[in-house]
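Chemist: Provided below: upload_17.txt, containing compact mmCIF, C-alpha atoms.
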```txt
# COMPACT_ATOMS: atom_id res chain seq x y z
CA MET Z 1 174.49 74.65 84.16
CA THR Z 2 175.93 74.77 80.66
CA ALA Z 3 179.58 74.18 79.90
CA GLU Z 4 181.16 76.94 77.84
CA TYR Z 5 184.53 76.39 76.15
CA ASN Z 6 186.93 79.25 75.46
CA VAL Z 7 189.47 77.80 73.03
CA SER Z 8 192.84 79.56 72.92
CA ALA Z 9 194.21 80.53 69.53
CA ASN Z 10 196.38 77.78 68.06
CA THR Z 11 199.92 79.13 67.81
CA LYS Z 12 201.73 76.07 66.58
CA TYR Z 13 205.27 77.39 66.90
CA PHE Z 14 204.73 79.39 70.11
CA TYR Z 15 203.53 76.86 72.64
CA TYR Z 16 204.46 78.91 75.69
CA ARG Z 17 202.56 81.95 74.37
CA MET Z 18 199.43 79.84 74.07
CA PHE Z 19 200.18 78.30 77.49
CA LEU Z 20 200.39 81.73 79.16
CA GLN Z 21 197.32 82.93 77.30
CA THR Z 22 195.29 79.95 78.46
CA VAL Z 23 196.45 80.05 82.06
CA GLY Z 24 196.21 83.85 82.16
CA GLN Z 25 192.45 83.64 81.70
CA ARG Z 26 192.27 82.07 85.16
CA GLY Z 27 193.77 85.19 86.73
CA THR Z 28 190.93 87.36 85.40
CA VAL Z 29 188.40 84.67 86.39
CA SER Z 30 187.07 84.63 82.82
CA SER Z 31 186.73 80.86 83.13
CA ASP Z 32 186.73 78.31 85.93
CA ILE Z 33 189.40 75.86 84.80
CA ALA Z 34 192.10 75.62 82.13
CA VAL Z 35 192.30 72.23 80.43
CA GLY Z 36 194.79 71.03 77.84
CA GLY Z 37 198.42 70.08 77.51
CA LEU Z 38 199.33 72.39 80.37
CA LEU Z 39 202.56 71.64 82.19
CA LEU Z 40 202.85 71.84 85.94
CA HIS Z 41 205.25 74.74 86.26
CA SER Z 42 206.47 76.38 89.46
CA SER Z 43 206.49 79.90 87.98
CA ILE Z 44 202.71 79.85 87.45
CA ILE Z 45 201.74 78.60 90.92
CA GLY Z 46 201.98 82.13 92.36
CA ILE Z 47 199.27 83.39 89.98
CA VAL Z 48 196.88 80.45 89.75
CA GLU Z 49 196.37 77.10 91.47
CA ALA Z 50 197.01 73.75 89.85
CA THR Z 51 195.16 70.50 90.28
CA ILE Z 52 197.02 67.31 91.01
CA PRO Z 53 198.86 65.95 87.93
CA TYR Z 54 196.73 63.63 85.84
CA LEU Z 55 199.34 62.50 83.31
CA TYR Z 56 203.09 61.86 83.42
CA ILE Z 57 204.81 62.14 80.06
CA ARG Z 58 208.36 61.07 79.27
CA VAL Z 59 210.12 62.88 76.46
CA THR Z 60 212.80 60.61 75.08
CA TRP Z 61 214.82 59.76 71.98
CA GLY Z 62 213.44 57.12 69.66
CA VAL Z 63 216.15 55.31 67.72
CA PRO Z 64 216.08 52.48 65.16
CA CYS Z 65 215.82 49.11 66.83
CA PRO Z 66 218.82 46.80 66.39
CA LYS Z 67 218.54 44.30 63.58
CA PRO Z 68 219.47 40.62 63.93
CA PRO Z 69 222.86 40.01 62.30
CA SER Z 70 223.49 37.37 59.69
CA LEU Z 71 224.12 33.85 60.97
CA TRP Z 72 227.59 33.67 59.43
CA LYS Z 73 228.61 36.92 61.07
CA SER Z 74 227.54 35.64 64.50
CA ILE Z 75 229.39 32.38 63.98
CA PHE Z 76 232.53 34.24 62.91
CA ILE Z 77 232.42 36.35 66.08
CA ILE Z 78 232.39 33.22 68.27
CA PHE Z 79 234.59 31.01 66.11
CA GLY Z 80 236.86 33.69 64.73
CA SER Z 81 240.59 33.90 64.16
CA LEU Z 82 241.34 34.36 67.86
CA PHE Z 83 239.54 31.12 68.72
CA GLY Z 84 241.38 29.25 65.97
CA ALA Z 85 244.76 30.64 67.07
CA CYS Z 86 244.23 29.76 70.74
CA PHE Z 87 242.95 26.29 69.93
CA SER Z 88 245.90 25.62 67.60
CA VAL Z 89 248.41 26.76 70.24
CA VAL Z 90 246.86 24.40 72.80
CA GLU Z 91 247.03 21.46 70.38
CA ILE Z 92 250.65 22.17 69.45
CA LEU Z 93 251.68 22.45 73.11
CA THR Z 94 249.83 19.20 73.88
CA VAL Z 95 251.72 17.35 71.14
CA ILE Z 96 255.08 18.72 72.31
CA ILE Z 97 254.46 17.96 75.99
CA MET Z 98 253.24 14.44 75.21
CA TRP Z 99 256.33 13.71 73.11
CA LEU Z 100 258.71 15.21 75.72
CA LEU Z 101 257.13 13.19 78.54
CA ALA Z 102 257.49 9.98 76.53
CA LYS Z 103 261.16 10.76 75.82
CA TYR Z 104 261.82 11.60 79.47
CA GLU Z 105 260.27 8.38 80.73
CA THR Z 106 262.38 6.25 78.37
CA GLN Z 107 265.55 8.04 79.50
CA ILE Z 108 264.95 7.05 83.12
CA HIS Z 109 264.53 3.42 82.00
CA VAL Z 110 260.73 3.37 82.05
CA ARG Z 111 259.06 1.45 79.26
CA GLU Z 112 256.68 3.60 77.21
CA SER Z 113 254.20 2.87 74.41
CA ALA Z 114 255.60 3.20 70.91
CA ASN Z 115 252.45 5.11 70.04
CA CYS Z 116 253.81 8.15 71.92
CA MET Z 117 257.44 8.08 70.88
CA THR Z 118 257.27 10.11 67.66
CA ASN Z 119 255.83 13.50 66.79
CA ILE Z 120 253.49 12.19 64.13
CA TYR Z 121 252.06 9.59 66.49
CA CYS Z 122 251.51 12.24 69.15
CA ILE Z 123 249.61 14.35 66.60
CA TYR Z 124 247.46 11.34 65.77
CA ASN Z 125 246.75 10.76 69.47
CA VAL Z 126 245.75 14.38 70.12
CA TRP Z 127 243.38 14.54 67.16
CA ALA Z 128 241.93 11.10 67.88
CA VAL Z 129 240.99 12.06 71.45
CA LEU Z 130 239.63 15.41 70.26
CA PHE Z 131 237.24 13.69 67.84
CA GLY Z 132 236.29 10.92 70.25
CA VAL Z 133 238.30 8.10 68.60
CA SER Z 134 240.02 5.54 70.81
CA LEU Z 135 243.82 5.05 70.67
CA PRO Z 136 245.44 1.77 69.56
CA GLN Z 137 247.70 1.80 72.66
CA LYS Z 138 247.31 3.62 75.92
CA PRO Z 139 250.21 5.36 77.70
CA ILE Z 140 252.17 3.28 80.19
CA SER Z 141 254.08 5.71 82.42
CA PHE Z 142 252.27 7.42 85.30
CA SER Z 143 253.09 11.02 84.32
CA LEU Z 144 252.02 10.54 80.73
CA ARG Z 145 248.77 8.90 81.84
CA ILE Z 146 247.96 11.88 84.07
CA PHE Z 147 248.60 14.31 81.21
CA PHE Z 148 246.60 12.12 78.82
CA ILE Z 149 243.60 12.07 81.18
CA ALA Z 150 243.77 15.87 81.44
CA TRP Z 151 243.69 16.14 77.64
CA VAL Z 152 240.72 13.76 77.51
CA TRP Z 153 238.75 15.95 79.93
CA TYR Z 154 239.70 19.05 77.94
CA SER Z 155 238.58 17.37 74.71
CA VAL Z 156 235.21 16.55 76.28
CA ALA Z 157 234.59 19.95 77.91
CA MET Z 158 235.65 22.40 75.19
CA PRO Z 159 233.73 20.89 72.24
CA THR Z 160 230.65 20.65 74.45
CA VAL Z 161 230.85 24.34 75.35
CA TYR Z 162 231.35 25.49 71.78
CA GLN Z 163 228.65 23.13 70.55
CA VAL Z 164 226.24 24.86 72.93
CA PHE Z 165 227.33 28.25 71.55
CA PHE Z 166 226.87 27.03 68.00
CA ILE Z 167 223.37 25.66 68.62
CA GLY Z 168 222.46 28.84 70.49
CA LEU Z 169 223.51 30.95 67.49
CA LEU Z 170 221.37 28.81 65.21
CA VAL Z 171 218.34 29.41 67.42
CA ASN Z 172 218.99 33.07 68.28
CA PRO Z 173 221.84 34.89 66.52
CA GLY Z 174 221.33 38.00 68.71
CA PHE Z 175 221.16 41.61 67.59
CA GLU Z 176 223.52 44.20 66.22
CA GLU Z 177 224.64 47.09 68.40
CA SER Z 178 222.46 50.20 68.42
CA ALA Z 179 222.69 53.68 69.89
CA THR Z 180 222.04 53.75 73.64
CA THR Z 181 223.44 57.19 74.58
CA LEU Z 182 223.61 60.65 73.03
CA ASN Z 183 227.29 60.15 72.20
CA ASP Z 184 226.41 56.95 70.32
CA LEU Z 185 223.74 58.86 68.42
CA ASN Z 186 226.21 61.60 67.46
CA GLN Z 187 228.77 59.07 66.28
CA SER Z 188 226.28 56.98 64.31
CA VAL Z 189 225.53 57.46 60.63
CA ILE Z 190 221.74 57.63 61.03
CA ASP Z 191 219.85 60.89 60.52
CA TYR Z 192 217.97 62.54 63.38
CA GLY Z 193 215.57 65.41 63.79
CA TYR Z 194 212.54 66.83 65.57
CA PRO Z 195 210.00 69.64 65.10
CA VAL Z 196 210.66 73.22 66.16
CA GLU Z 197 208.44 72.86 69.25
CA ILE Z 198 211.25 70.85 70.88
CA ASP Z 199 213.60 73.85 70.75
CA SER Z 200 211.89 75.32 73.80
CA LEU Z 201 212.95 72.37 75.97
CA PRO Z 202 215.88 73.03 78.34
CA PHE Z 203 218.68 70.97 76.78
CA SER Z 204 221.64 70.85 79.14
CA ASP Z 205 223.86 68.10 77.74
CA PRO Z 206 226.73 69.29 75.50
CA PRO Z 207 225.95 66.76 72.71
CA TYR Z 208 222.73 68.67 72.00
CA ILE Z 209 224.79 71.50 70.53
CA ILE Z 210 225.96 69.17 67.78
CA ILE Z 211 222.52 67.61 67.46
CA LYS Z 212 220.77 70.96 67.08
CA THR Z 213 223.23 71.99 64.35
CA ASN Z 214 222.90 68.81 62.26
CA ARG Z 215 219.27 67.90 62.91
CA THR Z 216 216.46 67.64 60.39
CA ILE Z 217 213.36 69.76 61.04
CA CYS Z 218 210.09 67.82 60.81
CA GLU Z 219 206.64 69.30 60.25
CA SER Z 220 205.19 67.58 63.33
CA PHE Z 221 205.80 64.87 65.92
CA TYR Z 222 203.91 62.35 63.84
CA LYS Z 223 205.94 63.04 60.70
CA CYS Z 224 209.17 62.38 62.58
CA LEU Z 225 207.76 59.32 64.30
CA GLN Z 226 206.34 57.98 61.05
CA ARG Z 227 209.71 58.28 59.33
CA ALA Z 228 211.47 56.61 62.25
CA LEU Z 229 209.06 53.66 62.19
CA GLU Z 230 208.77 53.21 58.43
CA ARG Z 231 212.33 53.74 57.22
CA LYS Z 232 214.05 52.57 60.44
CA ASP Z 233 217.01 54.84 59.70
CA PHE Z 234 215.92 57.94 61.58
CA ALA Z 235 216.03 59.04 65.24
CA THR Z 236 213.68 61.59 66.74
CA ILE Z 237 212.45 63.05 70.03
CA PHE Z 238 208.92 62.18 71.01
CA ASP Z 239 206.76 62.00 74.09
CA SER Z 240 205.45 58.72 75.42
CA PHE Z 241 201.78 59.76 75.16
CA HIS Z 242 201.79 60.51 71.43
CA ALA Z 243 204.05 57.54 70.71
CA GLU Z 244 201.64 55.12 72.40
CA TYR Z 245 198.73 56.73 70.58
CA PHE Z 246 200.50 56.37 67.24
CA ILE Z 247 201.36 52.72 67.89
CA THR Z 248 197.77 52.02 68.91
CA ILE Z 249 196.56 53.37 65.57
CA LEU Z 250 198.96 51.05 63.76
CA LEU Z 251 197.77 48.07 65.81
CA PHE Z 252 194.25 48.61 64.47
CA HIS Z 253 195.75 47.96 61.03
CA ASN Z 254 197.63 44.85 62.20
CA ILE Z 255 200.99 46.66 62.01
CA HIS Z 256 203.28 45.75 64.88
CA VAL Z 257 206.22 48.13 65.05
CA PRO Z 258 208.54 48.23 68.08
CA ILE Z 259 210.04 51.50 69.29
CA CYS Z 260 213.49 51.56 70.86
CA THR Z 261 214.71 54.44 72.99
CA LEU Z 262 217.92 55.70 74.55
CA GLN Z 263 218.72 54.77 78.13
CA GLU Z 264 218.12 58.27 79.50
CA ASP Z 265 215.03 60.41 79.00
CA VAL Z 266 215.24 63.99 77.79
CA ILE Z 267 212.80 65.32 80.37
CA MET Z 268 209.71 64.31 82.36
CA PHE Z 269 206.51 66.37 82.20
CA ARG Z 270 203.51 66.45 84.51
CA LEU Z 271 200.25 67.72 83.09
CA SER Z 272 197.75 69.52 85.31
CA MET Z 273 194.71 71.75 85.08
CA TYR Z 274 194.69 75.32 86.42
CA VAL Z 275 192.05 77.28 88.32
CA ALA Z 276 191.96 80.79 89.73
CA LYS Z 277 193.18 81.42 93.26
CA GLY Z 278 190.55 80.48 95.86
CA ASN Z 279 188.32 78.61 93.42
CA PRO Z 280 186.02 76.42 95.58
CA LEU Z 281 185.83 73.77 92.83
CA LEU Z 282 189.51 72.83 93.16
CA ARG Z 283 188.90 70.15 95.79
CA ARG Z 284 186.13 68.59 93.72
CA PHE Z 285 188.30 68.65 90.59
CA ASN Z 286 191.08 66.87 92.48
CA GLU Z 287 188.68 64.16 93.67
CA ILE Z 288 187.45 63.46 90.15
CA ILE Z 289 190.96 63.51 88.63
CA THR Z 290 192.18 61.11 91.32
CA ARG Z 291 189.43 58.59 90.57
CA VAL Z 292 189.91 58.84 86.80
CA PHE Z 293 193.70 58.56 87.16
CA GLU Z 294 193.54 55.54 89.49
CA ALA Z 295 191.07 53.80 87.18
CA GLY Z 296 193.46 54.21 84.24
CA LEU Z 297 190.81 55.90 82.10
CA ILE Z 298 193.19 58.59 80.85
CA GLU Z 299 195.70 56.06 79.58
CA ASN Z 300 192.97 54.05 77.91
```
Translate the structure of the given file into structure tokens.

Modeler:
Amino acid sequence: MTAEYNVSANTKYFYYRMFLQTVGQRGTVSSDIAVGGLLLHSSIIGIVEATIPYLYIRVTWGVPCPKPPSLWKSIFIIFGSLFGACFSVVEILTVIIMWLLAKYETQIHVRESANCMTNIYCIYNVWAVLFGVSLPQKPISFSLRIFFIAWVWYSVAMPTVYQVFFIGLLVNPGFEESATTLNDLNQSVIDYGYPVEIDSLPFSDPPYIIIKTNRTICESFYKCLQRALERKDFATIFDSFHAEYFITILLFHNIHVPICTLQEDVIMFRLSMYVAKGNPLLRRFNEIITRVFEAGLIEN
């Protein structure tokens, strides 16, 4: 037996016309099986029979990956004006409460340390404990001692926590925010686009109306994907199969480029092969496709 290939005419901008032309040859039994990027579609099943799907393709949005922010920006987010204001309020309240407790204890004829009797001395005490410096005199009254111990524990816990944050920022400053939904993509300042073949996909989300109006038209999937990876300021729609193939080519040249996507996929495709109704080879085709699929040969 000799394999004979009947290649359908390449209509780049009319994928469904080529799809119907290829599958339609099965109805006239001009060939045994249709092979290619043929989607498993319910409207065709009444005319021809489909093999089991051999490839599952996700069509999704590729967006620029978030960049690590500058170290100073990360530190300012953690130790910003709000942190300074809250910390200053706590220190001021601590000084006032310490001074008022010392005054109250002396009024009820309880002897108290002179180191807590004035505002300036109370400020010295608060800052000394905060920086781990011992006091020249410890409080005498019971209430002031309880409050002083509470401030000591606060001065140990809070600097430790913020020291951990600071060291963590030095090791890993994190990443800037990036687009994760279609609304984020619409509101962002980055450009986006895709080739005309994508127009045939059933877009149901309202944001696609804005996207279709403002998009950039690319010559091909690879042109869009290449711009998104090289310039990192462009978002595009691509399928997982071609994206993995493109990244694999770059890996052969020692180029490691990550691809980030939105949280939700645009659509999921299943690729199958088609045969004419009643073709006795269908069962055998399914056996071979199952073995190849389970072995991972198609992905490789």

Chemist: Rounded to one decimal, what separation in Å do you get between atom CA of Leu225 of chain Z and atom CA of Leu250 of chain Z?

Modeler: 12.1 Å

Chemist: Near segment 265-278 of chain Z, counting all atoms listed in the file, which residues have an atom at most 7 Å away, once you skip same-chain residues fewer than 3 positions from it, shown as an MDAnalysis selection string?

Modeler: chainID Z and resid 23 26:27 29 32:35 37:40 48:60

Chemist: Quick one: pull the distance between atom CA of Val90 of chain Z and atom CA of Ile149 of chain Z, Å, one decimal.

Modeler: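 Answer for the atom CA of Val90 of chain Z to atom CA of Ile149 of chain Z separation: 15.3 Å.
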
Chemist: Considering all atoms listed in the file, can you say which of Z:Trp61, Z:His253, Z:Pro280, Z:Ile97 comes closest to Asp239 of chain Z?

Modeler: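 Under the stated criterion, the closest residue is Z:Trp61.
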
Chemist: Please list as a list in words every residue within 10 Å of Lys103 of chain Z, counting only C-alpha atoms and excluding residues in the same chain fewer than 3 positions away.

Modeler: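 Listed by chain and then number, they are Ile97, Met98, Trp99, Leu100, Thr106, Gln107, Ile108, Val110, Glu112, Cys116, Met117 and Thr118 of chain Z.
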
Chemist: Which residue out of Z:Val63, Z:Ile140, Z:Val89, Z:Val133 has the minimum interatomic distance to Ser178 of chain Z when all atoms listed in the file are used?

Modeler: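 So, comparing all the options, the nearest one is Z:Val63.
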
Chemist: Pick from Z:Phe87, Z:Phe221, Z:Phe142, Z:Tyr121: nearest to Pro159 of chain Z, with all atoms listed in the file counted?

Modeler: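 Between Z:Phe87, Z:Phe221, Z:Phe142, Z:Tyr121, the residue approaching Pro159 of chain Z most closely is Z:Phe87.
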
Chemist: So how far away is atom CA of His41 of chain Z from atom CA of Cys260 of chain Z, in Å?

Modeler: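 Computing the Euclidean distance for atom CA of Cys260 of chain Z and atom CA of His41 of chain Z yields 29.0 Å.
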
Chemist: List the residues sitting within 12 Å of (179.2, 76.7, 82.4) in the file's frame, using all atoms listed in the file, as a list of chain:residue names.

Modeler: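 Taken together, the residues in range are Z:Met1, Z:Thr2, Z:Ala3, Z:Glu4, Z:Tyr5, Z:Asn6, Z:Ser30, Z:Ser31, Z:Asp32, Z:Ile33.
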
Chemist: Can you pull out every residue within 7 Å of Leu144 of chain Z, counting all atoms listed in the file, but drop anything in the same chain fewer than 4 positions away, and send it as a VMD selection string?

Modeler: chain Z and resid 98 101 to 102 139 148

Chemist: Padding 5 Å on every side, please: axis-aligned box over the listed atoms of segment 267-285 of chain Z, centre and edge lengths to one decimal in Å, as JSON.

Modeler:
```
{"center_x": 199.3, "center_y": 72.9, "center_z": 88.1, "size_x": 37.0, "size_y": 27.1, "size_z": 25.5}
```

Chemist: Considering all atoms listed in the file, return as a ChimeraX atom specification whatever protein or nucleic-acid residues lie within 12 Å of Arg227 of chain Z, sequence-local ones (same chain, fewer than 2 positions apart) excluded.

Modeler: /Z:62-64,191-194,216,218-225,229-236

Chemist: Go ahead and save the picked residues with C-alpha atoms, as a PDB file, keeping the file's coordinate frame.

Modeler:
```pdb
ATOM      1  CA  GLY Z  62     213.440  57.120  69.660  1.00  0.00           C
ATOM      2  CA  VAL Z  63     216.150  55.310  67.720  1.00  0.00           C
ATOM      3  CA  PRO Z  64     216.080  52.480  65.160  1.00  0.00           C
ATOM      4  CA  ASP Z 191     219.850  60.890  60.520  1.00  0.00           C
ATOM      5  CA  TYR Z 192     217.970  62.540  63.380  1.00  0.00           C
ATOM      6  CA  GLY Z 193     215.570  65.410  63.790  1.00  0.00           C
ATOM      7  CA  TYR Z 194     212.540  66.830  65.570  1.00  0.00           C
ATOM      8  CA  THR Z 216     216.460  67.640  60.390  1.00  0.00           C
ATOM      9  CA  CYS Z 218     210.090  67.820  60.810  1.00  0.00           C
ATOM     10  CA  GLU Z 219     206.640  69.300  60.250  1.00  0.00           C
ATOM     11  CA  SER Z 220     205.190  67.580  63.330  1.00  0.00           C
ATOM     12  CA  PHE Z 221     205.800  64.870  65.920  1.00  0.00           C
ATOM     13  CA  TYR Z 222     203.910  62.350  63.840  1.00  0.00           C
ATOM     14  CA  LYS Z 223     205.940  63.040  60.700  1.00  0.00           C
ATOM     15  CA  CYS Z 224     209.170  62.380  62.580  1.00  0.00           C
ATOM     16  CA  LEU Z 225     207.760  59.320  64.300  1.00  0.00           C
ATOM     17  CA  LEU Z 229     209.060  53.660  62.190  1.00  0.00           C
ATOM     18  CA  GLU Z 230     208.770  53.210  58.430  1.00  0.00           C
ATOM     19  CA  ARG Z 231     212.330  53.740  57.220  1.00  0.00           C
ATOM     20  CA  LYS Z 232     214.050  52.570  60.440  1.00  0.00           C
ATOM     21  CA  ASP Z 233     217.010  54.840  59.700  1.00  0.00           C
ATOM     22  CA  PHE Z 234     215.920  57.940  61.580  1.00  0.00           C
ATOM     23  CA  ALA Z 235     216.030  59.040  65.240  1.00  0.00           C
ATOM     24  CA  THR Z 236     213.680  61.590  66.740  1.00  0.00           C
TER      25      THR Z 236
END
```

Chemist: Quick one: residues within 10 Å of Phe131 of chain Z, all atoms listed in the file, excluding same-chain residues fewer than 5 positions away - as a ChimeraX atom specification?

Modeler: /Z:126,155-156,159
